[in-house]
Amino acid sequence: MYGFVVTTAGQGMLARASAGETLTLTGVQVGKGVAASREAALALTALIDPVANGTSTEPAVSGNQLSMIVEYRNDMNGGLEEGFDLSEFGVLARVGDDAPALLYYASLGDSPQPVQPESAGLDVHRFPVAVAVTDEVTVTLGYPAEAFVTADALEGYVPLGEDGKVPGEYLPEMDYIPTSQKGAAGGVASLDDEGKLVQDIDCGVWDADPVAEHNATATAHANLLVDGNNVEAVDASESLEEHMANPLAHQNLVIDGNAGQ
(Lines give C-alpha, C1' and ligand atoms only; values in the text may rest on other atoms or scores of the structure.)
Protein backbone atom coordinates (compact mmCIF):
# COMPACT_ATOMS: atom_id res chain seq x y z
CA MET A 1 0.00 0.00 0.00
CA TYR A 2 1.13 3.54 -0.80
CA GLY A 3 -1.02 6.40 0.49
CA PHE A 4 -2.84 7.43 3.63
CA VAL A 5 -6.14 6.81 5.41
CA VAL A 6 -8.16 8.06 8.33
CA THR A 7 -8.45 4.79 10.24
CA THR A 8 -11.73 3.29 11.35
CA ALA A 9 -10.88 4.32 14.90
CA GLY A 10 -10.09 7.80 13.62
CA GLN A 11 -13.41 8.07 11.81
CA GLY A 12 -15.16 7.30 15.09
CA MET A 13 -13.16 10.01 16.85
CA LEU A 14 -14.01 12.57 14.17
CA ALA A 15 -17.70 11.71 14.44
CA ARG A 16 -17.64 12.31 18.19
CA ALA A 17 -15.65 15.52 17.69
CA SER A 18 -18.28 16.73 15.20
CA ALA A 19 -20.88 16.16 17.89
CA GLY A 20 -19.12 18.57 20.20
CA GLU A 21 -16.38 16.61 22.02
CA THR A 22 -12.79 17.83 21.84
CA LEU A 23 -10.34 15.93 19.66
CA THR A 24 -6.89 15.82 21.28
CA LEU A 25 -3.88 14.90 19.17
CA THR A 26 -1.62 12.93 21.48
CA GLY A 27 1.42 12.14 19.39
CA VAL A 28 3.21 11.48 16.12
CA GLN A 29 5.13 8.31 15.42
CA VAL A 30 7.32 7.06 12.56
CA GLY A 31 8.10 3.44 11.83
CA LYS A 32 9.37 0.86 9.38
CA GLY A 33 6.27 -1.27 8.86
CA VAL A 34 4.21 -1.55 5.67
CA ALA A 35 0.45 -2.10 5.54
CA ALA A 36 -0.50 -4.90 3.17
CA SER A 37 -3.62 -3.13 1.90
CA ARG A 38 -5.96 -0.20 2.44
CA GLU A 39 -8.29 -2.46 4.40
CA ALA A 40 -5.44 -3.50 6.68
CA ALA A 41 -4.46 0.15 7.20
CA LEU A 42 -8.04 1.13 8.10
CA ALA A 43 -8.09 -1.45 10.88
CA LEU A 44 -4.89 -0.22 12.54
CA THR A 45 -4.92 1.38 15.97
CA ALA A 46 -1.11 1.71 16.16
CA LEU A 47 1.85 1.63 13.76
CA ILE A 48 2.89 -1.78 12.51
CA ASP A 49 6.55 -1.38 13.50
CA PRO A 50 7.07 1.92 15.36
CA VAL A 51 10.63 3.28 15.71
CA ALA A 52 10.47 6.79 17.19
CA ASN A 53 8.25 9.68 18.17
CA GLY A 54 7.99 12.67 15.87
CA THR A 55 6.41 16.09 16.17
CA SER A 56 4.30 18.49 14.13
CA THR A 57 3.20 22.04 13.69
CA GLU A 58 0.14 23.33 15.53
CA PRO A 59 -2.92 21.91 13.75
CA ALA A 60 -5.00 24.46 11.87
CA VAL A 61 -8.71 24.02 11.07
CA SER A 62 -9.75 26.04 8.03
CA GLY A 63 -12.88 25.52 5.96
CA ASN A 64 -13.53 21.81 6.23
CA GLN A 65 -9.99 20.53 6.69
CA LEU A 66 -7.49 20.09 9.47
CA SER A 67 -3.93 20.73 8.27
CA MET A 68 -0.54 20.20 9.85
CA ILE A 69 3.02 19.21 9.02
CA VAL A 70 4.30 16.00 10.56
CA GLU A 71 8.05 16.05 11.12
CA TYR A 72 10.72 13.64 12.24
CA ARG A 73 14.33 14.67 12.90
CA ASN A 74 17.13 12.33 13.82
CA ASP A 75 18.18 14.67 16.66
CA MET A 76 14.92 14.08 18.56
CA ASN A 77 14.45 11.85 21.60
CA GLY A 78 18.14 11.92 22.51
CA GLY A 79 19.32 11.33 18.93
CA LEU A 80 18.90 8.40 16.55
CA GLU A 81 21.69 5.86 17.07
CA GLU A 82 20.96 3.55 14.13
CA GLY A 83 19.48 4.50 10.77
CA PHE A 84 16.30 2.95 9.41
CA ASP A 85 13.97 3.09 6.41
CA LEU A 86 10.99 5.28 7.26
CA SER A 87 8.05 3.54 5.58
CA GLU A 88 5.10 4.56 7.76
CA PHE A 89 3.98 7.35 10.05
CA GLY A 90 0.86 8.10 12.00
CA VAL A 91 -0.97 10.66 14.12
CA LEU A 92 -2.45 9.40 17.37
CA ALA A 93 -5.41 11.04 19.05
CA ARG A 94 -8.13 10.56 21.63
CA VAL A 95 -11.56 11.92 22.45
CA GLY A 96 -12.50 12.43 26.09
CA ASP A 97 -10.75 10.02 28.43
CA ASP A 98 -10.32 7.26 25.87
CA ALA A 99 -6.91 5.69 25.32
CA PRO A 100 -5.02 7.18 22.36
CA ALA A 101 -5.40 5.38 19.05
CA LEU A 102 -4.28 5.88 15.48
CA LEU A 103 -6.31 8.65 13.83
CA TYR A 104 -4.29 8.95 10.64
CA TYR A 105 -2.01 6.37 9.01
CA ALA A 106 0.35 6.89 6.06
CA SER A 107 2.41 4.29 4.23
CA LEU A 108 5.26 4.96 1.82
CA GLY A 109 4.88 1.46 0.39
CA ASP A 110 7.87 0.41 -1.69
CA SER A 111 9.44 3.88 -1.50
CA PRO A 112 10.67 4.28 2.08
CA GLN A 113 12.82 7.25 3.03
CA PRO A 114 16.20 6.29 4.55
CA VAL A 115 16.87 8.07 7.84
CA GLN A 116 20.50 8.60 8.81
CA PRO A 117 21.74 8.26 12.40
CA GLU A 118 22.43 11.55 14.16
CA SER A 119 26.17 10.91 13.87
CA ALA A 120 25.86 11.38 10.06
CA GLY A 121 24.38 14.87 10.42
CA LEU A 122 20.94 16.39 10.80
CA ASP A 123 18.29 14.51 8.82
CA VAL A 124 14.79 16.02 8.62
CA HIS A 125 11.68 14.42 7.10
CA ARG A 126 8.41 16.34 6.74
CA PHE A 127 4.99 15.21 5.56
CA PRO A 128 1.87 17.31 4.95
CA VAL A 129 -1.29 15.99 6.58
CA ALA A 130 -4.87 17.03 5.82
CA VAL A 131 -8.04 15.53 7.26
CA ALA A 132 -11.59 16.49 6.23
CA VAL A 133 -13.56 17.76 9.24
CA THR A 134 -16.47 20.07 9.98
CA ASP A 135 -16.04 23.68 11.03
CA GLU A 136 -17.33 22.85 14.50
CA VAL A 137 -14.53 20.43 15.39
CA THR A 138 -12.31 21.62 18.26
CA VAL A 139 -8.75 20.29 18.11
CA THR A 140 -6.12 20.53 20.83
CA LEU A 141 -2.51 19.40 20.80
CA GLY A 142 -1.34 17.20 23.63
CA TYR A 143 2.41 17.46 22.87
CA PRO A 144 4.83 20.32 22.06
CA ALA A 145 4.64 21.54 18.47
CA GLU A 146 8.38 21.44 17.76
CA ALA A 147 8.44 21.26 13.97
CA PHE A 148 10.66 23.75 12.16
CA VAL A 149 7.80 25.19 10.10
CA THR A 150 4.95 27.27 11.53
CA ALA A 151 1.22 26.86 11.22
CA ASP A 152 1.07 30.01 9.06
CA ALA A 153 2.97 28.15 6.37
CA LEU A 154 0.21 25.56 6.17
CA GLU A 155 -2.48 27.78 4.65
CA GLY A 156 -3.45 26.20 1.35
CA TYR A 157 -0.61 23.70 1.65
CA VAL A 158 -2.75 20.61 1.25
CA PRO A 159 -5.86 21.56 -0.75
CA LEU A 160 -8.81 19.20 -0.86
CA GLY A 161 -10.00 17.76 -4.14
CA GLU A 162 -13.11 18.92 -5.99
CA ASP A 163 -15.10 16.27 -4.11
CA GLY A 164 -14.07 17.80 -0.79
CA LYS A 165 -11.86 14.83 0.10
CA VAL A 166 -8.15 14.62 0.81
CA PRO A 167 -6.25 13.62 -2.37
CA GLY A 168 -5.25 9.96 -2.23
CA GLU A 169 -1.60 10.46 -3.05
CA TYR A 170 1.44 12.18 -1.64
CA LEU A 171 2.47 15.64 -2.70
CA PRO A 172 5.78 16.24 -4.52
CA GLU A 173 7.00 18.13 -1.45
CA MET A 174 7.20 14.79 0.39
CA ASP A 175 10.29 13.81 -1.59
CA TYR A 176 13.13 14.75 0.75
CA ILE A 177 16.90 14.56 0.38
CA PRO A 178 18.76 14.32 3.71
CA THR A 179 21.40 16.96 4.41
CA SER A 180 23.99 14.21 4.78
CA GLN A 181 23.60 13.32 1.08
CA LYS A 182 24.05 16.85 -0.25
CA GLY A 183 27.52 17.51 -1.64
CA ALA A 184 28.73 14.08 -0.51
CA ALA A 185 30.31 11.31 -2.59
CA GLY A 186 27.52 9.17 -4.00
CA GLY A 187 24.94 11.76 -2.90
CA VAL A 188 23.52 14.75 -4.74
CA ALA A 189 25.15 17.94 -5.99
CA SER A 190 24.63 21.27 -4.25
CA LEU A 191 22.93 24.18 -6.03
CA ASP A 192 23.47 27.89 -5.46
CA ASP A 193 20.78 30.54 -4.89
CA GLU A 194 20.14 30.67 -8.65
CA GLY A 195 19.65 26.91 -8.90
CA LYS A 196 23.00 26.42 -10.67
CA LEU A 197 25.46 23.65 -9.93
CA VAL A 198 28.08 24.60 -7.36
CA GLN A 199 31.53 23.66 -8.65
CA ASP A 200 34.37 23.98 -6.17
CA ILE A 201 37.48 22.74 -7.98
CA ASP A 202 40.89 23.49 -6.51
CA CYS A 203 43.38 24.04 -9.35
CA GLY A 204 46.05 25.52 -7.13
CA VAL A 205 47.73 28.88 -7.77
CA TRP A 206 47.54 29.91 -11.42
CA ASP A 207 50.47 31.89 -12.85
CA ALA A 208 49.39 33.56 -16.10
CA ASP A 209 52.81 34.94 -17.19
CA PRO A 210 54.37 31.69 -18.54
CA VAL A 211 51.09 30.85 -20.28
CA ALA A 212 50.97 34.24 -21.98
CA GLU A 213 54.60 33.91 -23.09
CA HIS A 214 53.88 30.42 -24.43
CA ASN A 215 50.81 31.53 -26.36
CA ALA A 216 52.73 34.42 -27.94
CA THR A 217 55.53 32.15 -29.24
CA ALA A 218 54.69 30.82 -32.69
CA THR A 219 57.36 28.11 -32.50
CA ALA A 220 56.54 26.98 -28.97
CA HIS A 221 55.82 23.43 -30.13
CA ALA A 222 58.35 23.25 -32.94
CA ASN A 223 60.20 20.28 -31.49
CA LEU A 224 57.24 18.42 -29.95
CA LEU A 225 56.83 14.86 -31.26
CA VAL A 226 54.08 12.34 -30.59
CA ASP A 227 56.17 10.42 -28.08
CA GLY A 228 57.53 13.58 -26.42
CA ASN A 229 61.10 12.39 -26.89
CA ASN A 230 63.38 14.74 -28.87
CA VAL A 231 65.37 11.82 -30.27
CA GLU A 232 63.20 10.65 -33.15
CA ALA A 233 62.97 13.06 -36.07
CA VAL A 234 59.83 11.51 -37.49
CA ASP A 235 56.53 10.33 -36.13
CA ALA A 236 56.22 6.64 -36.90
CA SER A 237 54.71 3.62 -35.28
CA GLU A 238 58.23 2.35 -34.50
CA SER A 239 58.95 5.46 -32.45
CA LEU A 240 55.66 5.04 -30.56
CA GLU A 241 56.47 1.44 -29.75
CA GLU A 242 59.96 2.47 -28.64
CA HIS A 243 58.41 5.21 -26.52
CA MET A 244 56.02 2.85 -24.76
CA ALA A 245 58.86 0.46 -23.93
CA ASN A 246 61.29 3.18 -22.83
CA PRO A 247 61.01 4.36 -19.18
CA LEU A 248 63.04 7.47 -20.11
CA ALA A 249 60.82 8.38 -23.07
CA HIS A 250 59.87 11.79 -21.64
CA GLN A 251 63.25 12.83 -20.32
CA ASN A 252 63.49 15.71 -22.80
CA LEU A 253 59.88 16.90 -22.53
CA VAL A 254 59.39 20.32 -20.92
CA ILE A 255 56.22 22.23 -20.04
CA ASP A 256 55.83 24.11 -23.31
CA GLY A 257 56.85 21.14 -25.40
CA ASN A 258 59.87 23.04 -26.77
CA ALA A 259 63.15 21.33 -25.99
CA GLY A 260 65.03 24.44 -26.99
CA GLN A 261 63.65 26.58 -24.14
# chains A, B, ... in the order shown; residues from 1 in each chain; ligands from 1

call {"tool": "residues_around", "arguments": {"residues": "Arg16 (chain A)", "least_positions_apart": "3", "cutoff": "12 Å", "atoms": "only C-alpha atoms", "output": "PDB file with all heavy atoms, in the first residue's frame"}}
result
ATOM      1  N   ALA A   9     -10.863   3.701  13.573  1.00  0.00           N
ATOM      2  CA  ALA A   9     -10.879   4.315  14.903  1.00  0.00           C
ATOM      3  C   ALA A   9     -10.886   5.827  14.783  1.00  0.00           C
ATOM      4  O   ALA A   9     -11.577   6.531  15.533  1.00  0.00           O
ATOM      5  CB  ALA A   9      -9.670   3.851  15.710  1.00  0.00           C
ATOM      6  N   GLY A  10     -10.131   6.358  13.829  1.00  0.00           N
ATOM      7  CA  GLY A  10     -10.093   7.800  13.621  1.00  0.00           C
ATOM      8  C   GLY A  10     -11.419   8.356  13.147  1.00  0.00           C
ATOM      9  O   GLY A  10     -11.832   9.458  13.549  1.00  0.00           O
ATOM     10  N   GLN A  11     -12.106   7.622  12.270  1.00  0.00           N
ATOM     11  CA  GLN A  11     -13.412   8.067  11.807  1.00  0.00           C
ATOM     12  C   GLN A  11     -14.396   8.181  12.963  1.00  0.00           C
ATOM     13  O   GLN A  11     -15.216   9.102  13.023  1.00  0.00           O
ATOM     14  CB  GLN A  11     -13.939   7.098  10.743  1.00  0.00           C
ATOM     15  CG  GLN A  11     -13.112   7.092   9.470  1.00  0.00           C
ATOM     16  CD  GLN A  11     -13.516   5.979   8.520  1.00  0.00           C
ATOM     17  OE1 GLN A  11     -14.642   5.470   8.573  1.00  0.00           O
ATOM     18  NE2 GLN A  11     -12.598   5.583   7.648  1.00  0.00           N
ATOM     19  N   GLY A  12     -14.302   7.233  13.909  1.00  0.00           N
ATOM     20  CA  GLY A  12     -15.160   7.298  15.091  1.00  0.00           C
ATOM     21  C   GLY A  12     -14.848   8.518  15.949  1.00  0.00           C
ATOM     22  O   GLY A  12     -15.754   9.190  16.460  1.00  0.00           O
ATOM     23  N   MET A  13     -13.547   8.831  16.076  1.00  0.00           N
ATOM     24  CA  MET A  13     -13.155  10.007  16.854  1.00  0.00           C
ATOM     25  C   MET A  13     -13.648  11.290  16.201  1.00  0.00           C
ATOM     26  O   MET A  13     -14.123  12.215  16.867  1.00  0.00           O
ATOM     27  CB  MET A  13     -11.630  10.030  17.028  1.00  0.00           C
ATOM     28  CG  MET A  13     -11.099   9.022  18.020  1.00  0.00           C
ATOM     29  SD  MET A  13      -9.317   9.210  18.340  1.00  0.00           S
ATOM     30  CE  MET A  13      -8.624   8.181  17.059  1.00  0.00           C
ATOM     31  N   ALA A  19     -19.724  16.039  17.001  1.00  0.00           N
ATOM     32  CA  ALA A  19     -20.881  16.156  17.886  1.00  0.00           C
ATOM     33  C   ALA A  19     -20.608  17.070  19.077  1.00  0.00           C
ATOM     34  O   ALA A  19     -21.485  17.263  19.928  1.00  0.00           O
ATOM     35  CB  ALA A  19     -21.306  14.777  18.370  1.00  0.00           C
ATOM     36  N   GLY A  20     -19.395  17.591  19.158  1.00  0.00           N
ATOM     37  CA  GLY A  20     -19.120  18.566  20.202  1.00  0.00           C
ATOM     38  C   GLY A  20     -17.991  18.219  21.150  1.00  0.00           C
ATOM     39  O   GLY A  20     -17.550  19.065  21.929  1.00  0.00           O
ATOM     40  N   GLU A  21     -17.491  16.972  21.130  1.00  0.00           N
ATOM     41  CA  GLU A  21     -16.385  16.606  22.018  1.00  0.00           C
ATOM     42  C   GLU A  21     -15.068  17.111  21.422  1.00  0.00           C
ATOM     43  O   GLU A  21     -14.937  17.311  20.212  1.00  0.00           O
ATOM     44  CB  GLU A  21     -16.338  15.090  22.205  1.00  0.00           C
ATOM     45  CG  GLU A  21     -17.578  14.513  22.889  1.00  0.00           C
ATOM     46  CD  GLU A  21     -17.420  13.037  23.173  1.00  0.00           C
ATOM     47  OE1 GLU A  21     -16.581  12.698  24.037  1.00  0.00           O
ATOM     48  OE2 GLU A  21     -18.124  12.230  22.536  1.00  0.00           O
ATOM     49  N   THR A  22     -14.092  17.311  22.291  1.00  0.00           N
ATOM     50  CA  THR A  22     -12.793  17.835  21.844  1.00  0.00           C
ATOM     51  C   THR A  22     -11.891  16.701  21.383  1.00  0.00           C
ATOM     52  O   THR A  22     -11.730  15.693  22.080  1.00  0.00           O
ATOM     53  CB  THR A  22     -12.099  18.614  22.976  1.00  0.00           C
ATOM     54  OG1 THR A  22     -12.904  19.731  23.332  1.00  0.00           O
ATOM     55  CG2 THR A  22     -10.729  19.103  22.531  1.00  0.00           C
ATOM     56  N   LEU A  23     -11.298  16.882  20.208  1.00  0.00           N
ATOM     57  CA  LEU A  23     -10.337  15.929  19.662  1.00  0.00           C
ATOM     58  C   LEU A  23      -8.942  16.365  20.090  1.00  0.00           C
ATOM     59  O   LEU A  23      -8.508  17.480  19.790  1.00  0.00           O
ATOM     60  CB  LEU A  23     -10.431  15.895  18.133  1.00  0.00           C
ATOM     61  CG  LEU A  23      -9.429  15.003  17.401  1.00  0.00           C
ATOM     62  CD1 LEU A  23      -9.724  13.534  17.669  1.00  0.00           C
ATOM     63  CD2 LEU A  23      -9.452  15.291  15.903  1.00  0.00           C
ATOM     64  N   THR A  24      -8.239  15.506  20.806  1.00  0.00           N
ATOM     65  CA  THR A  24      -6.891  15.820  21.282  1.00  0.00           C
ATOM     66  C   THR A  24      -5.877  14.968  20.531  1.00  0.00           C
ATOM     67  O   THR A  24      -5.947  13.736  20.577  1.00  0.00           O
ATOM     68  CB  THR A  24      -6.751  15.559  22.790  1.00  0.00           C
ATOM     69  OG1 THR A  24      -7.710  16.350  23.504  1.00  0.00           O
ATOM     70  CG2 THR A  24      -5.351  15.918  23.275  1.00  0.00           C
ATOM     71  N   ARG A  94      -7.103  11.104  20.742  1.00  0.00           N
ATOM     72  CA  ARG A  94      -8.131  10.559  21.630  1.00  0.00           C
ATOM     73  C   ARG A  94      -9.267  11.569  21.736  1.00  0.00           C
ATOM     74  O   ARG A  94      -9.087  12.756  21.473  1.00  0.00           O
ATOM     75  CB  ARG A  94      -7.566  10.251  23.015  1.00  0.00           C
ATOM     76  CG  ARG A  94      -7.035  11.455  23.758  1.00  0.00           C
ATOM     77  CD  ARG A  94      -6.551  11.090  25.147  1.00  0.00           C
ATOM     78  NE  ARG A  94      -5.839  12.190  25.791  1.00  0.00           N
ATOM     79  CZ  ARG A  94      -6.419  13.219  26.399  1.00  0.00           C
ATOM     80  NH1 ARG A  94      -7.754  13.295  26.435  1.00  0.00           N
ATOM     81  NH2 ARG A  94      -5.704  14.163  26.959  1.00  0.00           N
ATOM     82  N   VAL A  95     -10.405  11.082  22.134  1.00  0.00           N
ATOM     83  CA  VAL A  95     -11.561  11.923  22.449  1.00  0.00           C
ATOM     84  C   VAL A  95     -11.979  11.613  23.875  1.00  0.00           C
ATOM     85  O   VAL A  95     -12.117  10.441  24.248  1.00  0.00           O
ATOM     86  CB  VAL A  95     -12.739  11.669  21.476  1.00  0.00           C
ATOM     87  CG1 VAL A  95     -13.965  12.463  21.908  1.00  0.00           C
ATOM     88  CG2 VAL A  95     -12.350  12.030  20.055  1.00  0.00           C
ATOM     89  N   GLY A  96     -12.154  12.641  24.678  1.00  0.00           N
ATOM     90  CA  GLY A  96     -12.496  12.428  26.086  1.00  0.00           C
ATOM     91  C   GLY A  96     -11.375  11.734  26.828  1.00  0.00           C
ATOM     92  O   GLY A  96     -10.190  12.044  26.639  1.00  0.00           O
ATOM     93  N   ASP A  98     -10.685   8.506  26.547  1.00  0.00           N
ATOM     94  CA  ASP A  98     -10.324   7.262  25.870  1.00  0.00           C
ATOM     95  C   ASP A  98      -8.807   7.136  25.720  1.00  0.00           C
ATOM     96  O   ASP A  98      -8.081   8.146  25.716  1.00  0.00           O
ATOM     97  CB  ASP A  98     -10.958   7.204  24.477  1.00  0.00           C
ATOM     98  CG  ASP A  98     -12.472   7.052  24.549  1.00  0.00           C
ATOM     99  OD1 ASP A  98     -12.995   6.872  25.655  1.00  0.00           O
ATOM    100  OD2 ASP A  98     -13.118   7.122  23.480  1.00  0.00           O
ATOM    101  N   VAL A 133     -12.797  17.638   7.994  1.00  0.00           N
ATOM    102  CA  VAL A 133     -13.564  17.761   9.235  1.00  0.00           C
ATOM    103  C   VAL A 133     -14.687  18.773   9.007  1.00  0.00           C
ATOM    104  O   VAL A 133     -14.828  19.344   7.929  1.00  0.00           O
ATOM    105  CB  VAL A 133     -12.672  18.242  10.405  1.00  0.00           C
ATOM    106  CG1 VAL A 133     -11.588  17.230  10.717  1.00  0.00           C
ATOM    107  CG2 VAL A 133     -12.052  19.606  10.087  1.00  0.00           C
ATOM    108  N   THR A 134     -15.465  19.006  10.043  1.00  0.00           N
ATOM    109  CA  THR A 134     -16.467  20.071   9.984  1.00  0.00           C
ATOM    110  C   THR A 134     -15.925  21.296  10.704  1.00  0.00           C
ATOM    111  O   THR A 134     -14.988  21.203  11.497  1.00  0.00           O
ATOM    112  CB  THR A 134     -17.782  19.637  10.651  1.00  0.00           C
ATOM    113  OG1 THR A 134     -17.541  19.435  12.051  1.00  0.00           O
ATOM    114  CG2 THR A 134     -18.304  18.346  10.046  1.00  0.00           C
ATOM    115  N   GLU A 136     -17.067  22.817  13.065  1.00  0.00           N
ATOM    116  CA  GLU A 136     -17.331  22.845  14.502  1.00  0.00           C
ATOM    117  C   GLU A 136     -16.340  22.019  15.319  1.00  0.00           C
ATOM    118  O   GLU A 136     -16.389  22.028  16.541  1.00  0.00           O
ATOM    119  CB  GLU A 136     -18.748  22.329  14.778  1.00  0.00           C
ATOM    120  CG  GLU A 136     -19.861  23.244  14.300  1.00  0.00           C
ATOM    121  CD  GLU A 136     -20.064  23.173  12.799  1.00  0.00           C
ATOM    122  OE1 GLU A 136     -19.644  22.158  12.190  1.00  0.00           O
ATOM    123  OE2 GLU A 136     -20.605  24.133  12.226  1.00  0.00           O
ATOM    124  N   VAL A 137     -15.455  21.286  14.653  1.00  0.00           N
ATOM    125  CA  VAL A 137     -14.528  20.428  15.391  1.00  0.00           C
ATOM    126  C   VAL A 137     -13.508  21.273  16.149  1.00  0.00           C
ATOM    127  O   VAL A 137     -12.898  22.182  15.592  1.00  0.00           O
ATOM    128  CB  VAL A 137     -13.805  19.454  14.427  1.00  0.00           C
ATOM    129  CG1 VAL A 137     -12.641  18.769  15.137  1.00  0.00           C
ATOM    130  CG2 VAL A 137     -14.779  18.420  13.909  1.00  0.00           C
ATOM    131  N   THR A 138     -13.324  20.968  17.430  1.00  0.00           N
ATOM    132  CA  THR A 138     -12.312  21.616  18.265  1.00  0.00           C
ATOM    133  C   THR A 138     -11.138  20.659  18.423  1.00  0.00           C
ATOM    134  O   THR A 138     -11.319  19.521  18.849  1.00  0.00           O
ATOM    135  CB  THR A 138     -12.874  21.977  19.645  1.00  0.00           C
ATOM    136  OG1 THR A 138     -13.995  22.855  19.484  1.00  0.00           O
ATOM    137  CG2 THR A 138     -11.819  22.649  20.495  1.00  0.00           C
ATOM    138  N   VAL A 139      -9.943  21.126  18.063  1.00  0.00           N
ATOM    139  CA  VAL A 139      -8.752  20.287  18.109  1.00  0.00           C
ATOM    140  C   VAL A 139      -7.741  20.896  19.064  1.00  0.00           C
ATOM    141  O   VAL A 139      -7.464  22.096  19.008  1.00  0.00           O
ATOM    142  CB  VAL A 139      -8.119  20.137  16.713  1.00  0.00           C
ATOM    143  CG1 VAL A 139      -6.898  19.216  16.776  1.00  0.00           C
ATOM    144  CG2 VAL A 139      -9.133  19.602  15.721  1.00  0.00           C
TER     145      VAL A 139
END

call {"tool": "closest_residue", "arguments": {"among": "A:Gly79, A:Pro100, A:Pro144, A:Gly90", "to": "Leu122 (chain A)", "atoms": "only C-alpha atoms"}}
result
A:Gly79

call {"tool": "select_by_dssp", "arguments": {"residues": "region 45-136 of chain A", "states": "strand (DSSP E or B)", "output": "MDAnalysis selection string"}}
result
chainID A and resid 50:53 55:56 60:62 65:73 84:86 88:95 101:107 113:115 124:132

call {"tool": "closest_residue", "arguments": {"among": "A:Ser67, A:Pro50, A:Leu25, A:Ala17", "to": "Ala132 (chain A)", "atoms": "only C-alpha atoms"}}
result
A:Ser67

call {"tool": "residues_around", "arguments": {"residues": "Pro114 (chain A)", "least_positions_apart": "3", "cutoff": "9 Å", "atoms": "only C-alpha atoms", "output": "list in words"}}
result
Gly83, Phe84, Asp85, Leu86, Ser87 and Pro178 of chain A

call {"tool": "write_last_selection", "arguments": {"atoms": "N, CA and C atoms", "output": "short mmCIF file (atom, residue, chain, number, x, y, z; two decimals), in the first residue's frame"}}
result
data_model
loop_
_atom_site.label_atom_id
_atom_site.label_comp_id
_atom_site.auth_asym_id
_atom_site.auth_seq_id
_atom_site.Cartn_x
_atom_site.Cartn_y
_atom_site.Cartn_z
N GLY A 83 20.38 4.09 11.83
CA GLY A 83 19.48 4.50 10.77
C GLY A 83 18.41 3.46 10.48
N PHE A 84 17.36 3.88 9.79
CA PHE A 84 16.30 2.95 9.41
C PHE A 84 15.57 3.51 8.19
N ASP A 85 14.78 2.68 7.55
CA ASP A 85 13.97 3.09 6.41
C ASP A 85 12.58 3.48 6.90
N LEU A 86 12.28 4.77 6.81
CA LEU A 86 10.99 5.28 7.26
C LEU A 86 9.94 4.93 6.21
N SER A 87 9.04 4.00 6.54
CA SER A 87 8.05 3.54 5.58
C SER A 87 6.62 3.78 6.04
N PRO A 178 18.09 14.00 2.45
CA PRO A 178 18.76 14.32 3.71
C PRO A 178 19.97 15.22 3.50
#

call {"tool": "closest_residue", "arguments": {"among": "A:Gly31, A:Gly142, A:Gly54, A:Pro210", "to": "Pro112 (chain A)", "atoms": "only C-alpha atoms"}}
result
A:Gly31

call {"tool": "select_by_dssp", "arguments": {"residues": "region 21-165 of chain A", "states": "alpha helix (DSSP H)", "output": "VMD selection string"}}
result
chain A and resid 38 to 42

call {"tool": "atom_distance", "arguments": {"atom1": "CA of Phe89 (chain A)", "atom2": "CA of Leu108 (chain A)"}}
result
8.7 Å

call {"tool": "atom_distance", "arguments": {"atom1": "CA of Gln113 (chain A)", "atom2": "CA of Glu71 (chain A)"}}
result
12.9 Å

call {"tool": "closest_residue", "arguments": {"among": "A:Thr55, A:Asn74, A:Gln29, A:Ser62", "to": "Val124 (chain A)", "atoms": "only C-alpha atoms"}}
result
A:Asn74
